[in-house]
Structure formats: structure tokens, C-alpha cells
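Undergrad: Below is data-v2.tsv; it holds TSV, C-alpha atoms.
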```tsv
chain	number	residue	atom	x	y	z
A	1	MET	CA	-28.95	82.08	-100.66
A	2	ASN	CA	-29.44	81.20	-97.03
A	3	THR	CA	-26.35	79.50	-95.70
A	4	SER	CA	-27.44	79.40	-92.05
A	5	THR	CA	-28.67	75.81	-92.42
A	6	ALA	CA	-25.71	74.57	-94.42
A	7	PRO	CA	-23.76	71.84	-92.66
A	8	ARG	CA	-20.58	73.00	-91.03
A	9	ARG	CA	-17.36	71.33	-91.84
A	10	VAL	CA	-15.79	69.75	-88.80
A	11	VAL	CA	-12.05	70.21	-88.66
A	12	HIS	CA	-10.22	67.54	-86.67
A	13	LYS	CA	-7.01	68.85	-85.26
A	14	LYS	CA	-4.11	66.48	-85.16
A	15	ARG	CA	-3.17	65.60	-81.61
A	16	PRO	CA	0.39	66.45	-80.61
A	17	PRO	CA	2.86	63.67	-79.70
A	18	SER	CA	2.72	64.82	-76.06
A	19	PHE	CA	-0.94	63.73	-75.90
A	20	TRP	CA	-0.10	60.15	-76.81
A	21	LEU	CA	2.89	60.14	-74.46
A	22	LEU	CA	0.80	61.31	-71.51
A	23	GLY	CA	-1.96	58.88	-72.49
A	24	ALA	CA	0.53	56.00	-72.45
A	25	VAL	CA	1.81	57.08	-69.02
A	26	PHE	CA	-1.74	57.24	-67.68
A	27	ALA	CA	-2.59	53.81	-69.12
A	28	ALA	CA	0.56	52.35	-67.53
A	29	PHE	CA	-0.40	53.93	-64.20
A	30	VAL	CA	-3.92	52.46	-64.33
A	31	LEU	CA	-2.51	49.05	-65.23
A	32	PHE	CA	0.01	49.26	-62.38
A	33	LEU	CA	-2.72	50.33	-59.95
A	34	TYR	CA	-5.47	47.86	-60.83
A	35	GLY	CA	-3.61	45.06	-62.63
A	36	PRO	CA	-2.51	43.19	-59.46
A	37	MET	CA	-6.00	43.45	-57.98
A	38	PHE	CA	-7.58	42.09	-61.16
A	39	ALA	CA	-5.03	39.23	-61.22
A	40	ILE	CA	-5.97	38.29	-57.64
A	41	PHE	CA	-9.66	38.33	-58.56
A	42	VAL	CA	-9.03	35.97	-61.47
A	43	LEU	CA	-6.73	33.59	-59.59
A	44	SER	CA	-9.20	33.29	-56.68
A	45	PHE	CA	-11.59	31.42	-59.01
A	46	GLN	CA	-9.15	28.61	-59.81
A	47	GLY	CA	-9.97	24.95	-59.55
A	48	PRO	CA	-8.90	22.67	-56.68
A	49	GLU	CA	-5.51	22.05	-58.32
A	50	GLY	CA	-4.79	25.76	-58.81
A	51	GLY	CA	-1.69	27.52	-57.56
A	52	LEU	CA	-0.62	31.06	-56.77
A	53	THR	CA	0.43	31.97	-60.30
A	54	PHE	CA	-0.79	31.73	-63.87
A	55	PRO	CA	-1.76	29.72	-65.85
A	56	MET	CA	-5.08	28.92	-64.21
A	57	ARG	CA	-6.05	25.30	-63.58
A	58	GLY	CA	-9.77	25.19	-63.97
A	59	VAL	CA	-12.49	27.58	-62.88
A	60	SER	CA	-14.57	27.04	-59.73
A	61	LEU	CA	-15.61	28.46	-56.36
A	62	HIS	CA	-13.54	25.84	-54.54
A	63	TRP	CA	-11.28	28.28	-52.68
A	64	PHE	CA	-14.19	30.38	-51.49
A	65	ARG	CA	-15.71	27.21	-50.02
A	66	VAL	CA	-12.39	26.46	-48.31
A	67	LEU	CA	-12.36	30.00	-46.98
A	68	TRP	CA	-15.87	29.56	-45.61
A	69	GLU	CA	-14.86	26.35	-43.83
A	70	GLY	CA	-11.86	28.05	-42.21
A	71	ILE	CA	-8.12	28.31	-42.74
A	72	GLY	CA	-6.37	26.18	-40.17
A	73	VAL	CA	-6.64	27.58	-36.66
A	74	VAL	CA	-7.57	31.06	-37.90
A	75	ASP	CA	-11.25	31.94	-37.50
A	76	ILE	CA	-11.77	34.12	-40.56
A	77	GLY	CA	-15.47	34.59	-39.81
A	78	ALA	CA	-14.77	35.99	-36.34
A	79	ALA	CA	-12.04	38.29	-37.68
A	80	PHE	CA	-14.44	39.45	-40.40
A	81	ARG	CA	-17.12	40.32	-37.82
A	82	ARG	CA	-14.58	42.08	-35.60
A	83	SER	CA	-13.43	44.23	-38.50
A	84	LEU	CA	-17.01	45.12	-39.42
A	85	ALA	CA	-17.84	46.07	-35.83
A	86	LEU	CA	-14.68	48.12	-35.36
A	87	GLY	CA	-15.13	49.81	-38.74
A	88	ALA	CA	-18.70	50.78	-37.84
A	89	VAL	CA	-17.60	52.32	-34.51
A	90	VAL	CA	-14.70	54.16	-36.16
A	91	MET	CA	-17.08	55.46	-38.84
A	92	VAL	CA	-19.58	56.83	-36.31
A	93	LEU	CA	-16.90	58.44	-34.13
A	94	THR	CA	-15.08	59.92	-37.13
A	95	VAL	CA	-18.26	61.54	-38.45
A	96	GLY	CA	-19.37	62.80	-35.03
A	97	LEU	CA	-16.03	64.17	-33.86
A	98	SER	CA	-15.19	65.69	-37.26
A	99	LEU	CA	-18.58	67.42	-37.36
A	100	LEU	CA	-18.17	68.83	-33.86
A	101	ALA	CA	-14.66	70.03	-34.64
A	102	GLY	CA	-15.79	71.59	-37.92
A	103	LEU	CA	-18.57	73.47	-36.15
A	104	ALA	CA	-16.19	74.61	-33.41
A	105	TYR	CA	-13.63	75.93	-35.90
A	106	ARG	CA	-16.25	78.14	-37.55
A	107	LYS	CA	-15.68	80.55	-34.66
A	108	GLN	CA	-12.52	81.90	-33.12
A	109	LEU	CA	-11.17	79.00	-31.08
A	110	PRO	CA	-8.35	79.80	-28.60
A	111	GLY	CA	-5.38	77.63	-29.47
A	112	GLY	CA	-7.22	76.27	-32.51
A	113	THR	CA	-4.30	76.66	-34.89
A	114	ALA	CA	-1.93	74.71	-32.66
A	115	LEU	CA	-4.56	72.03	-32.07
A	116	PHE	CA	-5.16	71.71	-35.81
A	117	TYR	CA	-1.46	71.13	-36.52
A	118	VAL	CA	-1.22	68.61	-33.68
A	119	VAL	CA	-4.10	66.59	-35.15
A	120	VAL	CA	-2.88	66.76	-38.74
A	121	ALA	CA	0.67	65.85	-37.65
A	122	SER	CA	-0.65	62.34	-37.09
A	123	LEU	CA	-0.78	61.90	-40.86
A	124	ILE	CA	2.95	62.46	-41.32
A	125	MET	CA	4.09	60.37	-38.36
A	126	PRO	CA	5.28	56.85	-39.29
A	127	SER	CA	2.33	54.55	-38.64
A	128	ILE	CA	4.38	51.88	-36.89
A	129	ILE	CA	5.77	54.50	-34.48
A	130	VAL	CA	2.24	55.64	-33.64
A	131	SER	CA	1.24	52.03	-33.04
A	132	LEU	CA	4.25	51.34	-30.82
A	133	GLY	CA	3.62	54.52	-28.84
A	134	ILE	CA	-0.04	53.68	-28.23
A	135	GLY	CA	0.83	50.12	-27.24
A	136	LEU	CA	3.52	51.36	-24.85
A	137	GLY	CA	1.15	53.92	-23.34
A	138	PHE	CA	-1.50	51.30	-22.59
A	139	ARG	CA	1.09	48.92	-21.11
A	140	LEU	CA	2.21	51.70	-18.78
A	141	LEU	CA	-1.45	52.21	-17.92
A	142	ASP	CA	-1.68	48.50	-17.11
A	143	THR	CA	1.26	48.80	-14.74
A	144	GLY	CA	-0.28	51.78	-12.97
A	145	LEU	CA	-3.68	50.09	-12.64
A	146	LYS	CA	-2.10	46.93	-11.24
A	147	LEU	CA	-0.24	48.95	-8.61
A	148	LEU	CA	-3.44	50.79	-7.75
A	149	LEU	CA	-5.46	47.58	-7.48
A	150	GLU	CA	-2.75	45.91	-5.43
A	151	ALA	CA	-2.86	48.76	-2.94
A	152	HIS	CA	-6.64	49.25	-2.71
A	153	TRP	CA	-8.41	46.22	-4.22
A	154	PRO	CA	-6.20	43.11	-4.28
A	155	ALA	CA	-9.07	40.77	-5.15
A	156	ALA	CA	-9.56	42.48	-8.51
A	157	LEU	CA	-6.03	41.51	-9.64
A	158	ASP	CA	-7.24	37.97	-10.32
A	159	THR	CA	-9.60	39.16	-13.07
A	160	PHE	CA	-7.67	42.12	-14.47
A	161	THR	CA	-5.60	41.31	-17.57
A	162	THR	CA	-4.89	44.38	-19.71
A	163	THR	CA	-6.44	47.56	-21.03
A	164	LEU	CA	-5.14	46.75	-24.50
A	165	GLY	CA	-8.06	45.78	-26.70
A	166	MET	CA	-9.82	46.30	-29.99
A	167	PHE	CA	-12.25	48.92	-28.68
A	168	SER	CA	-9.75	50.71	-26.45
A	169	SER	CA	-6.18	50.99	-27.75
A	170	GLY	CA	-7.10	49.58	-31.17
A	171	LEU	CA	-9.93	52.08	-31.59
A	172	GLY	CA	-7.70	54.95	-30.54
A	173	ALA	CA	-4.97	53.89	-32.94
A	174	GLN	CA	-7.36	53.85	-35.88
A	175	LEU	CA	-8.89	57.20	-34.95
A	176	THR	CA	-5.44	58.78	-35.21
A	177	TRP	CA	-5.62	57.81	-38.89
A	178	THR	CA	-9.25	58.54	-39.75
A	179	LEU	CA	-9.94	61.74	-37.79
A	180	PRO	CA	-7.42	63.97	-39.63
A	181	PHE	CA	-9.04	63.05	-42.96
A	182	GLY	CA	-12.50	63.78	-41.57
A	183	LEU	CA	-11.36	67.11	-40.16
A	184	LEU	CA	-9.77	68.21	-43.43
A	185	ILE	CA	-12.93	67.34	-45.38
A	186	LEU	CA	-15.23	69.21	-42.97
A	187	PHE	CA	-12.92	72.22	-42.84
A	188	ALA	CA	-13.06	72.44	-46.63
A	189	VAL	CA	-16.86	72.09	-46.58
A	190	PHE	CA	-17.39	74.82	-43.98
A	191	ASN	CA	-14.94	77.16	-45.71
A	192	ARG	CA	-17.30	77.12	-48.72
A	193	PHE	CA	-20.47	77.23	-46.65
A	194	ASN	CA	-22.60	80.35	-47.12
A	195	PRO	CA	-23.72	81.65	-43.69
A	196	ALA	CA	-26.53	83.63	-45.34
A	197	TYR	CA	-28.70	80.49	-45.19
A	198	GLU	CA	-28.36	80.36	-41.40
A	199	GLU	CA	-29.00	84.08	-41.08
A	200	ALA	CA	-32.19	83.72	-43.12
A	201	ALA	CA	-33.37	80.86	-40.90
A	202	ARG	CA	-32.72	82.88	-37.74
A	203	ASP	CA	-34.53	85.88	-39.22
A	204	LEU	CA	-37.54	83.59	-39.71
A	205	GLY	CA	-37.48	82.65	-36.03
A	206	ALA	CA	-35.61	79.33	-36.13
A	207	THR	CA	-33.71	78.27	-33.02
A	208	PRO	CA	-30.02	77.31	-33.30
A	209	TRP	CA	-30.96	73.62	-33.20
A	210	GLN	CA	-33.63	74.07	-35.87
A	211	THR	CA	-31.17	75.99	-38.03
A	212	PHE	CA	-28.64	73.21	-37.74
A	213	ARG	CA	-31.14	70.41	-38.32
A	214	HIS	CA	-33.13	71.91	-41.19
A	215	VAL	CA	-30.51	74.10	-42.91
A	216	VAL	CA	-26.92	73.16	-42.11
A	217	LEU	CA	-27.26	69.39	-41.87
A	218	PRO	CA	-29.06	68.88	-45.22
A	219	LEU	CA	-26.43	71.01	-46.98
A	220	ILE	CA	-23.42	69.22	-45.52
A	221	GLY	CA	-25.08	65.78	-45.37
A	222	PRO	CA	-23.40	64.34	-48.51
A	223	SER	CA	-20.00	65.40	-47.15
A	224	LEU	CA	-20.75	63.65	-43.85
A	225	VAL	CA	-21.58	60.48	-45.78
A	226	GLY	CA	-18.21	60.80	-47.52
A	227	VAL	CA	-16.45	61.21	-44.17
A	228	GLY	CA	-18.20	58.08	-42.95
A	229	MET	CA	-17.02	56.16	-46.01
A	230	PHE	CA	-13.46	57.31	-45.41
A	231	GLY	CA	-13.68	56.29	-41.76
A	232	PHE	CA	-14.96	52.80	-42.49
A	233	THR	CA	-12.69	51.99	-45.45
A	234	LEU	CA	-9.57	53.31	-43.71
A	235	SER	CA	-10.40	51.22	-40.64
A	236	TRP	CA	-11.25	48.18	-42.78
A	237	ASP	CA	-7.81	48.17	-44.43
A	238	GLU	CA	-5.70	49.36	-41.51
A	239	ILE	CA	-2.66	47.28	-40.55
A	240	ALA	CA	0.34	49.36	-39.45
A	241	ARG	CA	-1.29	51.45	-36.71
A	242	SER	CA	-3.22	48.46	-35.40
A	243	SER	CA	-0.35	45.97	-35.34
A	244	GLN	CA	0.89	46.83	-31.81
A	245	ALA	CA	-2.36	48.10	-30.31
A	246	MET	CA	-5.00	45.41	-30.80
A	247	GLY	CA	-4.23	43.18	-27.85
A	248	ASP	CA	-5.15	39.50	-28.12
A	249	LEU	CA	-7.71	39.79	-30.96
A	250	ASN	CA	-6.80	40.59	-34.55
A	251	THR	CA	-8.82	42.31	-37.23
A	252	LEU	CA	-9.17	40.76	-40.68
A	253	PRO	CA	-6.28	42.72	-42.28
A	254	LEU	CA	-3.92	41.58	-39.49
A	255	GLU	CA	-5.03	37.98	-39.94
A	256	LEU	CA	-4.54	38.34	-43.69
A	257	GLN	CA	-1.03	39.68	-43.16
A	258	GLY	CA	-0.17	36.70	-41.00
A	259	LEU	CA	-1.65	34.24	-43.49
A	260	THR	CA	0.53	35.52	-46.34
A	261	THR	CA	3.56	33.83	-44.73
A	262	THR	CA	1.90	30.47	-44.08
A	263	VAL	CA	-0.84	29.90	-46.69
A	264	THR	CA	0.37	28.82	-50.14
A	265	THR	CA	-2.95	28.21	-51.89
A	266	PRO	CA	-5.39	30.52	-53.75
A	267	VAL	CA	-7.57	30.66	-50.63
A	268	ILE	CA	-5.56	33.75	-49.70
A	269	TYR	CA	-6.68	35.30	-52.99
A	270	ALA	CA	-10.29	34.38	-52.21
A	271	LEU	CA	-9.99	36.20	-48.90
A	272	GLY	CA	-8.51	39.24	-50.65
A	273	THR	CA	-11.39	39.19	-53.15
A	274	VAL	CA	-13.99	39.10	-50.38
A	275	THR	CA	-12.40	42.02	-48.49
A	276	THR	CA	-12.13	44.08	-51.69
A	277	VAL	CA	-15.76	43.40	-52.58
A	278	VAL	CA	-16.80	44.68	-49.14
A	279	SER	CA	-14.86	47.89	-49.76
A	280	PHE	CA	-16.55	48.36	-53.14
A	281	LEU	CA	-19.96	47.70	-51.59
A	282	VAL	CA	-19.34	50.39	-48.98
A	283	MET	CA	-18.30	52.87	-51.68
A	284	GLY	CA	-21.32	51.97	-53.81
A	285	LEU	CA	-23.66	52.37	-50.84
A	286	THR	CA	-22.05	55.72	-50.09
A	287	LEU	CA	-22.51	57.00	-53.65
A	288	ALA	CA	-26.13	55.80	-53.67
A	289	THR	CA	-26.81	57.53	-50.35
A	290	VAL	CA	-25.26	60.78	-51.54
A	291	GLY	CA	-27.26	60.64	-54.78
A	292	LEU	CA	-30.50	60.02	-52.88
A	293	TRP	CA	-29.71	62.82	-50.43
A	294	GLN	CA	-29.03	65.30	-53.22
A	295	SER	CA	-32.16	64.32	-55.14
A	296	ARG	CA	-34.31	64.81	-52.04
A	297	ARG	CA	-32.64	68.15	-51.36
A	298	ARG	CA	-33.44	69.32	-54.90
```
So that I can check it, write out the structure of this file as C-alpha cells.
TA:
Amino acid sequence: MNTSTAPRRVVHKKRPPSFWLLGAVFAAFVLFLYGPMFAIFVLSFQGPEGGLTFPMRGVSLHWFRVLWEGIGVVDIGAAFRRSLALGAVVMVLTVGLSLLAGLAYRKQLPGGTALFYVVVASLIMPSIIVSLGIGLGFRLLDTGLKLLLEAHWPAALDTFTTTLGMFSSGLGAQLTWTLPFGLLILFAVFNRFNPAYEEAARDLGATPWQTFRHVVLPLIGPSLVGVGMFGFTLSWDEIARSSQAMGDLNTLPLELQGLTTTVTTPVIYALGTVTTVVSFLVMGLTLATVGLWQSRRR
């Protein structure tokens, strides 16, 4: 009798109590992580009579319309555009500088170890201290420039205000947060990179630029997209390092922080929903780009 085609009996092993305990801990963690965000999403769709807590009073887009019209003297639209512009610049610089540093560290770099620890140390420094230090440094720069202008170009003192600004001190403050992440990602990528591909390209007569463009860049491209996503999302949500370094103009997170002490309606939840949706859109666009890149590479 041929028993090779006989159905096999599936034996279900009883899961140990530790499995259910760890599962309960994981479920509680997920609820703790995403529960508040989901509650804000729900409460942002309340009716005109809605408050900041449950139960909900109607369902509508009223608070999104209020947000579109503006919240008091705060120009949410302008802050939104400033955050998008700053996030785009931070993203480009993070990708570019991280790529250059990753390529440089593939060879013996004098003082490279010390430089690496100096850059990564920014991650463990208290963010507010970094912000205060950058703000103080630019104020000292203002003092020096005013003395210099007073001595050599007095007429320019009438137009000079400060070097503090979103694309000067603010940009530098955010790069101290995004660059270490970009460097760590690129270092990990290049540590696993097989140099045999480059050697084969050179053996076939490719120049260094052609080797980088046609061999290295396609292989590390998805990682660069990930670095760009990190750069934008970290800039988009940044508060602590930007708080003392932005000058007169605030980004959207800073405006949102200020509104939490004055706004007592669900419009603050509508603003939080919009900012979160933008973050999810960036992550979705990143995943789609990486998937397209990998499919084309295959």
C-alpha cells in the first residue's frame, strides 16, 4: 500500500503561558503607542459643539474648515509652507552630506574615528542644550558683525538685524539631529557593500564617475531614499533643537506647541491630524520609491 499520498496529521502544539504573556505586553505597547494618535484622529472630526474629550458631539469637517481659515493671529498656512521648505532643504543636505561622508569613510581617513564620535555625540546631547548653544553662538556672531560694520560700514547697520534665521541657525540646529542618523545608515550600507562590483566595472574600462553612477548609486539608492525620509520626517517634527535657533519665524511644530496652551477646541486636533497625514504620505512615497527602484534594478 502506497502511503506517500496519505494525508498527514497536523499536530498543534499548545502554546506556553509565556507566549500569551508576551503577546499581552506587545498589545499593550501598541495600544500605548498608537492609541493617543487614533483618539486625536477621531476627535478632530467632531461637530461644531465638540470638545477636547470624549464623548463626541457630532461628526463633521468643521474644525478642519476652522483650521483652514486660521487660528487667531497664527498663520498656520505660512508655518506649514515654512516647515515643508525647511524639511526639503534638510532632506537634500542630509542625503548629500551623508553620502559624501560614507564614501570618504570607505578609505583610511586621518582623524576619522574622532570625527565620527564628535558627530554621533550630537545624538546623546540634550536637545535643548544644543539649541541654546547654537542660539548663543549666532548672537555672538551678531555682536561681532555689528562691531565690524560699525567700524567699516556704518550705513549697513540700519538694515542689519540678526543672523538668526530658519535657513541659517535653524537649518544648522536640525542638521545636528538628522546628519548622525544619515551617517549611521550609510556606514552600515557601505560596510555590507561588495567592492567586487566596482572592481569589475573598472576592469571593463569604466571611469570612477561611471562606476559610481552606474554601479554604486543604483545599489545604494534605496538606502539614500530612506536617509531622505529620515531627514524630512525628523525635521518636520523637530521642536527642541529648533526652539532657540529659529529667530523670528516659527515652523509648524513650534506653532503647534504654542497653540496647545491657548487653543481649547478640537481645531488643535485637526492640525495634529494634518501634520500626521503629511508624515504618513512621506513614508508612503518613500516606500513606493524604494519599491520602484528595486523593481527597475531587478
Undergrad: Skipping near chain neighbours, those fewer than 5 positions away, what residues fall within 7 Å of segment 167-182 of chain A using only C-alpha atoms, listed as a list in words?
TA: Val90, Thr94, Val95, Ser98, Val119, Val120, Ser122, Leu123, Ser131, Ile134, Phe138, Val227, Gly231, Leu234, Ser235, Arg241, Ser242, Ala245 and Met246 of chain A
Undergrad: With distances taken over all atoms listed in the file, which residue among A:Leu287, A:Val225, A:Leu164, A:Leu256 lies nearest Gly272 of chain A?
TA: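 Of A:Leu287, A:Val225, A:Leu164, A:Leu256, the one nearest Gly272 of chain A, counting all atoms listed in the file, is A:Leu256.
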Undergrad: Could you tell me which of A:Thr289, A:Ser243, A:Thr113, A:Thr265 comes closest to Leu67 of chain A if we count all atoms listed in the file?
TA: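 Using all atoms listed in the file, Leu67 of chain A sits closest to A:Thr265.
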Undergrad: Under the rule that only C-alpha atoms are counted, which of A:Val290, A:Met56, A:Leu31, A:Leu100 is the nearest residue to Phe187 of chain A?
TA: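 So, comparing all the options, the nearest one is A:Leu100.
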Undergrad: Go ahead and compute the interatomic distance for atom CA of Ala188 of chain A and atom CA of Ala88 of chain A, in Å to one decimal.
TA: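 Atom-to-atom, atom CA of Ala188 of chain A and atom CA of Ala88 of chain A are spaced 24.0 Å apart.
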Undergrad: Pick out the residues sitting within 10 Å of segment 197-202 of chain A, and hand them over as a PDB file with C-alpha atoms, keeping the file's coordinate frame; count all atoms listed in the file, and ignore anything fewer than 5 positions along from it in its own chain.
TA:
```
ATOM      1  CA  THR A 207     -33.710  78.270 -33.020  1.00  0.00           C
ATOM      2  CA  PRO A 208     -30.020  77.310 -33.300  1.00  0.00           C
ATOM      3  CA  GLN A 210     -33.630  74.070 -35.870  1.00  0.00           C
ATOM      4  CA  THR A 211     -31.170  75.990 -38.030  1.00  0.00           C
ATOM      5  CA  PHE A 212     -28.640  73.210 -37.740  1.00  0.00           C
ATOM      6  CA  HIS A 214     -33.130  71.910 -41.190  1.00  0.00           C
ATOM      7  CA  VAL A 215     -30.510  74.100 -42.910  1.00  0.00           C
ATOM      8  CA  VAL A 216     -26.920  73.160 -42.110  1.00  0.00           C
ATOM      9  CA  LEU A 219     -26.430  71.010 -46.980  1.00  0.00           C
TER      10      LEU A 219
END
```
Undergrad: Quick one: 5 Å padding each side, axis-aligned, all listed atoms of segment 149-154 of chain A - centre and edge lengths in Å to one decimal, as AutoDock Vina command-line options?
TA:
```
--center_x -5.6 --center_y 46.2 --center_z -5.1 --size_x 15.7 --size_y 16.1 --size_z 14.8
```
Undergrad: Please report the interatomic distance between atom CA of Val263 of chain A and atom CA of Val278 of chain A in Å with one decimal.
TA: 21.9 Å
Undergrad: Kindly give the distance, in Å, that separates atom CA of Thr286 of chain A and atom CA of Phe230 of chain A, rounded to a single decimal.
TA: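 Atom-to-atom, atom CA of Thr286 of chain A and atom CA of Phe230 of chain A are spaced 9.9 Å apart.
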Undergrad: From the list A:Gln108, A:Thr53, A:Ser44, A:Ser295, which residue is nearest Thr273 of chain A when using all atoms listed in the file?
TA: A:Ser44
Undergrad: With only C-alpha atoms as the atoms that count, which of A:Ala28, A:Ala79, A:Leu147, A:Leu99 lies nearest to Leu254 of chain A?
TA: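 Looking only at the distances to Leu254 of chain A, the closest residue turns out to be A:Ala79.
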Undergrad: Using only C-alpha atoms, which of the listed residues (A:Met166, A:Val59, A:Ala156, A:Leu217) sits closest to Ala85 of chain A?
TA: A:Met166
